[in-house]
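Undergrad: This is the structure I want to talk about, given as structure tokens.
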Amino acid sequence: MSTQVSPDIDALITLMAKLPGLGPRSARRAVLHLISKRTHLMAPLAQSMSEVAATVRECLMCGNIGTGEICDICSDDRRANGEICIVENVSDLWAMERAMVFRGRYHVLGGTLSALDDIGPEQLRIPKLLDRITTESITEVILALNATIDGQTTAHYIADEVGERCMISSLAQGVPIGGELDYLDDGTITAALNARKRI
Amino acid sequence: MAGLSLRSLTVSHFRSHKAACLELDGRPVVIYGANGAGKTNLLEAVSLLSPGRGMRRAASDDIARRPERLGWKVSAVLDRLGQQYEIETRAAPGAARQVRIDGKAATQSALGRLVQVVWLIPAMDRLWIEGAEGRRRFLDRLVLSFEPGHGDAALSYEKSMRERNRMLKDQVRDPHWYNAVEDQMARAGALMIASRARVLERLRLAQQGAQTAFPAAGLCIEAPEEGNDPQGVDELRSAWMEGRSRDLAAGRTLVGPHRIDLAATYEAKGVEARHCSTGEQKALLISLILANGRALAQDRGTPPVLLLDEVAAHLDAERRTALYDEICALGAQAFMTGTEDSLFAALGPRAGRIHVSENGGLSSLG
Ligand SMILES: Nc1ncnc2c1ncn2[C@@H]1O[C@H](COP(=O)(O)OP(=O)(O)O)[C@@H](O)[C@H]1O
Ligand SMILES: [Mg+2]
Ligand SMILES: [Zn+2]
């Protein structure tokens, strides 16, 4: 897949081809496109990437990603409404935010329980979650986990652990089995949140 | 005329077949030819038009034709109760198998609602003698033909149980984690158990007073330990909860629907299947497959597609003739293989014939 042009450009294409959704062919196209828009796109993109690469980090509270120790959502007092929404990963958090219905805070697990993949409760920030329920005076935990088997096992686990500490609800079913939050449209997420069921 | 039949079958890069195309008319199909010609491979292709790993339980990459290993594809035009569907399944190298129905991506259980396939293969001649796993699989195949959702329940159960077994091996002690996994297992497991019980009862009814030359089989499901046979969601949950320390010591889950056995008796003689002669054991299997076909025809309007590999083996001429007559009466599209066309003479014009031969590792039809 060498372009026979320059080792630097080949290296760039190889890196681009590692992005999700891009193969060698589309990576070559993207690189050519970038080069043709060198000042308006390529240089600002490179600068933005190096800045984010230097500053990006996980929020110490919720696991969202941001550029500070505490993410924007966790630093915003207006979002301390006593509700905390549990999601599997950052892309699910973003999907919830795009729907603009949830006004509380989040807790990103970073995966689901899976003994077969060596992912236990400690790997999923669950101890931190139990902490937050007390320190942030949480009144309702909303489980927004995917309808996969692992997602549902994890939801059951958290409900069991949280126990009587606060109210627990789960996004309304109707989310297709194996369907992932990130793929649902905003309307579906809104409906699922409004019709959430108490566990 | 069959209520469920393949009207054409196209097999590409599938084991010894590079590109085989069969035009079919709904009658049973006799596939004959020398050993190694590629007959069973064709049946295996049909078996993959239903959920699961097919009748050899082969890994997808073993099915792809060697030496090219380009992946494989099986497609068919299906007639179900007068309605036609284009169904297709394929796998690229290293990838999971995909299903399409009428050109659209579909799940294996959607396929299972359209096509029911039940098989009898030579390896099952020892089904009643060997371990319980083969009998469970046979039972589940019959259950799947009645209740396509059984496959999903079995998959969920299997997944959660493997999870629990891993926790047991890793000596996990967290009770909340076990609660969560056992809850998933219990929901799926209770569905499986109920489906199996319903289908067993249905098969019992279908055998009663049936006009058949094959011996009725008395069936029952046996738990691995007497008196420890949880069935419903709550019973299963508490059985696993109480069994944790024992399971931790064993490193695996000792009770549940993955451990049951299917026990059969030759009813007229009151003899357990495993003590019957080889021919009698085979007759019992055929009897169950025919009962399953009759029940499906009655309940769902159509018997399943039958795959009967080397079916003539161990059957005397009289039994063979009876089998052919019953298949025709059932109206099932049965694919039957044998080394000689003459084994199927009694079928006369009631079946189509396909000759398969092999040359240099490549099968051809004609
Ligand atoms: N992946 C594969 N690629 C090419 N040939 C295969 C493959 N798998 C099996 N075969 C060949 O298929 C032949 C067996 O075909 P089979 O249908 O079982 O024969 P039979 O007509 O006796 O039922 C064997 O010669 C075997 O080598
Ligand atoms: Mg064979
Ligand atoms: Zn945060």
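Naming scheme: A, B, ... for chains in displayed order of the structure tokens; residues 1 onward per chain; ligands 1 onward as shown.
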Give me the residues within 12 Å of Gly348 of chain B as a PyMOL selection string, counting only C-alpha atoms and dropping any in the same chain fewer than 2 places off.
TA: chain B and resi 27-30+321+324-325+328+341-346+350-353
Undergrad: Please identify the residues whose atoms come within 10 Å of ligand 2, using only C-alpha atoms and all ligand atoms, and report them as a list in words.
TA: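 Listing the residues within 10 Å of ligand 2 gives Tyr32, Gly33, Ala34, Asn35, Gly36, Ala37, Gly38, Lys39, Thr40, Asn41, Leu42, Leu43, Glu44, Ile121, Pro122, Asp309, Glu310, Thr337, Gly338 and Thr339 of chain B.
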Undergrad: Counting only C-alpha atoms and all ligand atoms, what are the residues of chain A within 6 Å of ligand 3, and for each of them which pair of atoms is the nearest and at what distance in Å, to one decimal? Sort the table by chain and rising number, as CSV.
TA:
```
residue,atom,partner,partner_atom_place_in_ligand_line,distance
A:Cys59,CA,ligand 3,1 (Zn),4.7
A:Met61,CA,ligand 3,1 (Zn),4.9
A:Cys62,CA,ligand 3,1 (Zn),4.0
A:Gly63,CA,ligand 3,1 (Zn),5.9
A:Asn64,CA,ligand 3,1 (Zn),5.2
A:Ile70,CA,ligand 3,1 (Zn),5.4
A:Cys71,CA,ligand 3,1 (Zn),4.3
A:Ile73,CA,ligand 3,1 (Zn),5.6
A:Cys74,CA,ligand 3,1 (Zn),4.2
```
Undergrad: For the residues in that selection, give me C-alpha atoms as an mmCIF file, in the first residue's frame.
TA:
```
data_model
loop_
_atom_site.group_PDB
_atom_site.id
_atom_site.type_symbol
_atom_site.label_atom_id
_atom_site.label_comp_id
_atom_site.auth_asym_id
_atom_site.auth_seq_id
_atom_site.Cartn_x
_atom_site.Cartn_y
_atom_site.Cartn_z
ATOM 1 C CA CYS A 59 -12.616 13.193 34.785
ATOM 2 C CA MET A 61 -15.317 12.081 39.348
ATOM 3 C CA CYS A 62 -17.285 10.514 36.520
ATOM 4 C CA GLY A 63 -14.881 9.115 33.954
ATOM 5 C CA ASN A 64 -16.063 11.435 31.191
ATOM 6 C CA ILE A 70 -12.952 17.551 36.622
ATOM 7 C CA CYS A 71 -15.096 17.624 33.502
ATOM 8 C CA ILE A 73 -20.551 18.472 33.642
ATOM 9 C CA CYS A 74 -19.161 17.633 37.069
#
```
Undergrad: Using only C-alpha atoms, which protein or nucleic acid residues come within 10 Å of Gly293 of chain B? Drop anything in the same chain fewer than 4 positions from it, and give the result as a short mmCIF file (atom, residue, chain, number, x, y, z; two decimals) with N, CA, C and O atoms, in the first residue's frame.
TA:
```
data_model
loop_
_atom_site.label_atom_id
_atom_site.label_comp_id
_atom_site.auth_asym_id
_atom_site.auth_seq_id
_atom_site.Cartn_x
_atom_site.Cartn_y
_atom_site.Cartn_z
N VAL B 118 -34.20 -30.47 10.47
CA VAL B 118 -33.90 -31.50 11.47
C VAL B 118 -33.08 -32.57 10.77
O VAL B 118 -33.35 -32.89 9.62
N LEU B 142 -34.94 -30.43 18.01
CA LEU B 142 -36.38 -30.64 17.87
C LEU B 142 -37.15 -29.46 18.47
O LEU B 142 -38.11 -28.96 17.89
N SER B 145 -37.21 -26.46 16.31
CA SER B 145 -38.10 -26.52 15.16
C SER B 145 -39.52 -26.07 15.53
O SER B 145 -40.25 -25.57 14.70
N LEU B 203 -44.38 -34.23 21.53
CA LEU B 203 -43.88 -35.43 20.84
C LEU B 203 -44.58 -36.68 21.38
O LEU B 203 -44.87 -37.61 20.62
N ALA B 206 -47.83 -36.82 19.69
CA ALA B 206 -47.70 -37.12 18.26
C ALA B 206 -47.40 -38.60 18.03
O ALA B 206 -47.68 -39.14 16.97
N SER B 287 -38.17 -42.63 14.44
CA SER B 287 -39.52 -42.50 14.96
C SER B 287 -39.74 -41.10 15.55
O SER B 287 -40.77 -40.46 15.31
N LEU B 288 -38.76 -40.60 16.29
CA LEU B 288 -38.90 -39.27 16.89
C LEU B 288 -38.90 -38.18 15.85
O LEU B 288 -39.66 -37.21 15.93
N ILE B 289 -38.05 -38.36 14.83
CA ILE B 289 -38.01 -37.34 13.78
C ILE B 289 -39.32 -37.30 13.00
O ILE B 289 -39.82 -36.23 12.64
N ALA B 297 -46.29 -30.42 11.24
CA ALA B 297 -47.23 -30.29 10.13
C ALA B 297 -48.60 -29.91 10.67
O ALA B 297 -49.29 -29.06 10.10
N GLN B 298 -48.96 -30.53 11.79
CA GLN B 298 -50.28 -30.25 12.35
C GLN B 298 -50.35 -28.84 12.98
O GLN B 298 -51.28 -28.10 12.74
N ASP B 299 -49.32 -28.49 13.72
CA ASP B 299 -49.36 -27.22 14.47
C ASP B 299 -49.00 -26.01 13.61
O ASP B 299 -49.52 -24.93 13.81
N THR B 302 -46.64 -27.16 8.32
CA THR B 302 -45.62 -27.78 7.48
C THR B 302 -44.59 -28.56 8.30
O THR B 302 -44.19 -28.11 9.37
N PRO B 303 -44.21 -29.74 7.79
CA PRO B 303 -43.13 -30.47 8.46
C PRO B 303 -41.80 -29.76 8.17
O PRO B 303 -41.75 -28.89 7.31
N PRO B 304 -40.74 -30.10 8.88
CA PRO B 304 -39.45 -29.47 8.62
C PRO B 304 -38.78 -30.09 7.40
O PRO B 304 -39.24 -31.12 6.89
N VAL B 305 -37.73 -29.44 6.94
CA VAL B 305 -36.85 -30.06 5.95
C VAL B 305 -36.04 -31.12 6.72
O VAL B 305 -35.57 -30.86 7.82
N LEU B 306 -35.94 -32.32 6.14
CA LEU B 306 -35.21 -33.40 6.82
C LEU B 306 -33.89 -33.67 6.11
O LEU B 306 -33.84 -33.70 4.88
N ILE B 327 -42.20 -40.67 4.87
CA ILE B 327 -41.70 -39.34 4.48
C ILE B 327 -42.62 -38.73 3.42
O ILE B 327 -42.99 -37.56 3.48
N LEU B 330 -45.86 -37.66 4.87
CA LEU B 330 -45.66 -36.45 5.66
C LEU B 330 -45.57 -35.22 4.77
O LEU B 330 -45.90 -34.11 5.16
N GLY B 331 -45.12 -35.45 3.54
CA GLY B 331 -44.94 -34.32 2.62
C GLY B 331 -43.71 -33.50 2.96
O GLY B 331 -43.67 -32.29 2.75
N ALA B 332 -42.69 -34.15 3.52
CA ALA B 332 -41.47 -33.42 3.88
C ALA B 332 -40.46 -33.49 2.75
O ALA B 332 -40.34 -34.50 2.07
#
```
Undergrad: Got a sec: who's within 9 Å of Arg103 of chain A, counting only C-alpha atoms, leaving out chain neighbours fewer than 5 positions off, as a VMD selection string?
TA: chain A and resid 78 to 81 83 97
Undergrad: Take the selection from the previous step and output its residues with N, CA and C atoms, as an mmCIF file, in the first residue's frame.
TA:
```cif
data_model
loop_
_atom_site.group_PDB
_atom_site.id
_atom_site.type_symbol
_atom_site.label_atom_id
_atom_site.label_comp_id
_atom_site.auth_asym_id
_atom_site.auth_seq_id
_atom_site.Cartn_x
_atom_site.Cartn_y
_atom_site.Cartn_z
ATOM 1 N N ARG A 78 -25.298 23.470 38.485
ATOM 2 C CA ARG A 78 -26.697 23.312 38.088
ATOM 3 C C ARG A 78 -27.038 21.852 37.788
ATOM 4 N N ARG A 79 -26.006 21.056 37.550
ATOM 5 C CA ARG A 79 -26.281 19.653 37.229
ATOM 6 C C ARG A 79 -26.261 18.765 38.467
ATOM 7 N N ALA A 80 -26.054 19.363 39.611
ATOM 8 C CA ALA A 80 -26.092 18.583 40.851
ATOM 9 C C ALA A 80 -27.525 18.504 41.345
ATOM 10 N N ASN A 81 -28.388 17.832 40.578
ATOM 11 C CA ASN A 81 -29.806 17.793 40.936
ATOM 12 C C ASN A 81 -30.178 16.496 41.654
ATOM 13 N N GLU A 83 -29.591 13.505 40.589
ATOM 14 C CA GLU A 83 -29.727 12.360 39.679
ATOM 15 C C GLU A 83 -28.368 12.015 39.088
ATOM 16 N N GLU A 97 -26.209 13.213 26.065
ATOM 17 C CA GLU A 97 -26.092 14.676 26.030
ATOM 18 C C GLU A 97 -26.689 15.250 24.754
#
```
Undergrad: Could you list, as an MDAnalysis selection string, the residues of chain B having an atom within 7 Å of chain A when counting only C-alpha atoms?
TA: chainID B and resid 156 163 166:167 176:177 180:181 184
Undergrad: Any idea what's packed within 10 Å of Ala27 of chain A, counting only C-alpha atoms, ignoring anything in its chain fewer than 6 positions away? Could you give it as a PyMOL selection string?
TA: chain A and resi 12-19+21+33
Undergrad: With a distance cut-off of 12 Å and only C-alpha atoms, select the neighbouring residues of Ser277 of chain B, excluding the residue or stretch itself and same-chain residues fewer than 2 positions from it, and output the selection as a ChimeraX atom specification.
TA: /B:125-126,128-129,266,271-275,279-284,314-315
Undergrad: Excluding Asp152 of chain B and residues on its chain fewer than 6 positions from it, collect all residues at most 10 Å away from it, counting only C-alpha atoms, and give them as number ranges by chain.
TA: B: 51, 108-109, 144, 158, 188, 191-192
Undergrad: Taking N, CA, C and O atoms for each residue, export the selection above as a PDB file, in the first residue's frame.
TA:
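The resulting result.pdb:
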```pdb
ATOM      1  N   PRO B  51     -30.645 -21.899  12.269  1.00  0.00           N
ATOM      2  CA  PRO B  51     -29.744 -21.324  13.279  1.00  0.00           C
ATOM      3  C   PRO B  51     -28.739 -22.351  13.808  1.00  0.00           C
ATOM      4  O   PRO B  51     -29.013 -23.541  13.795  1.00  0.00           O
ATOM      5  N   GLN B 108     -30.098 -15.000  12.880  1.00  0.00           N
ATOM      6  CA  GLN B 108     -30.293 -16.439  12.737  1.00  0.00           C
ATOM      7  C   GLN B 108     -31.668 -16.848  13.250  1.00  0.00           C
ATOM      8  O   GLN B 108     -32.272 -17.772  12.719  1.00  0.00           O
ATOM      9  N   SER B 109     -32.186 -16.149  14.269  1.00  0.00           N
ATOM     10  CA  SER B 109     -33.505 -16.589  14.744  1.00  0.00           C
ATOM     11  C   SER B 109     -34.607 -16.200  13.771  1.00  0.00           C
ATOM     12  O   SER B 109     -35.612 -16.905  13.675  1.00  0.00           O
ATOM     13  N   LEU B 144     -36.129 -26.414  18.849  1.00  0.00           N
ATOM     14  CA  LEU B 144     -35.931 -25.248  17.988  1.00  0.00           C
ATOM     15  C   LEU B 144     -36.893 -25.259  16.803  1.00  0.00           C
ATOM     16  O   LEU B 144     -37.353 -24.217  16.352  1.00  0.00           O
ATOM     17  N   GLU B 158     -26.098 -19.921  27.824  1.00  0.00           N
ATOM     18  CA  GLU B 158     -24.723 -20.388  27.630  1.00  0.00           C
ATOM     19  C   GLU B 158     -23.727 -19.275  27.963  1.00  0.00           C
ATOM     20  O   GLU B 158     -22.733 -19.490  28.654  1.00  0.00           O
ATOM     21  N   ALA B 188     -33.120 -17.039  31.330  1.00  0.00           N
ATOM     22  CA  ALA B 188     -32.959 -17.790  30.082  1.00  0.00           C
ATOM     23  C   ALA B 188     -33.185 -19.284  30.325  1.00  0.00           C
ATOM     24  O   ALA B 188     -33.841 -19.961  29.531  1.00  0.00           O
ATOM     25  N   LEU B 191     -36.810 -20.396  30.572  1.00  0.00           N
ATOM     26  CA  LEU B 191     -37.440 -20.446  29.247  1.00  0.00           C
ATOM     27  C   LEU B 191     -37.076 -21.740  28.524  1.00  0.00           C
ATOM     28  O   LEU B 191     -37.919 -22.403  27.923  1.00  0.00           O
ATOM     29  N   MET B 192     -35.785 -22.083  28.586  1.00  0.00           N
ATOM     30  CA  MET B 192     -35.328 -23.316  27.920  1.00  0.00           C
ATOM     31  C   MET B 192     -36.035 -24.541  28.479  1.00  0.00           C
ATOM     32  O   MET B 192     -36.473 -25.421  27.738  1.00  0.00           O
TER      33      MET B 192
END
```
Undergrad: Please run DSSP on the backbone and report, as number ranges by chain, all residues within segment 175-364 of chain B that come out as alpha helix (DSSP H).
TA: B: 175-207, 233-242, 244-250, 278-300, 317-330
Undergrad: Kindly indicate which residue among B:Ala291, B:Leu308, B:Ala217, B:Leu285 lies nearest to ligand 1, using only C-alpha atoms and all ligand atoms for the distances.
TA: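 Using only C-alpha atoms and all ligand atoms, the shortest distance to ligand 1 belongs to B:Leu308.
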Undergrad: Check the smallest atom-to-atom distance from each of A:Ile65, A:Cys166, A:Ile126, A:Leu171 to Ala191 of chain A using only C-alpha atoms, then report the winner.
TA: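 For Ala191 of chain A, the nearest of the candidates is A:Leu171.
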Undergrad: Measure the distance from atom CA of Gly149 of chain B to atom CA of Ala295 of chain B in Å and round it to one decimal.
TA: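 Separating atom CA of Gly149 of chain B from atom CA of Ala295 of chain B is a distance of 17.9 Å.
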Undergrad: According to DSSP computed on the backbone, where in segment 137-280 of chain B is there strand (DSSP E or B)? Give the residues as a PyMOL selection string.
TA: chain B and resi 217-222+261-266+271-272
Undergrad: Which distance in Å separates atom CA of Val108 of chain A and atom CA of Glu88 of chain A, to one decimal?
TA: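 Answer for the atom CA of Val108 of chain A to atom CA of Glu88 of chain A separation: 5.7 Å.
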Undergrad: Figure out the distance between atom CA of Val87 of chain A and atom CA of Phe102 of chain A, please, to one decimal in Å.
TA: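 Atom CA of Val87 of chain A lies 12.5 Å from atom CA of Phe102 of chain A.
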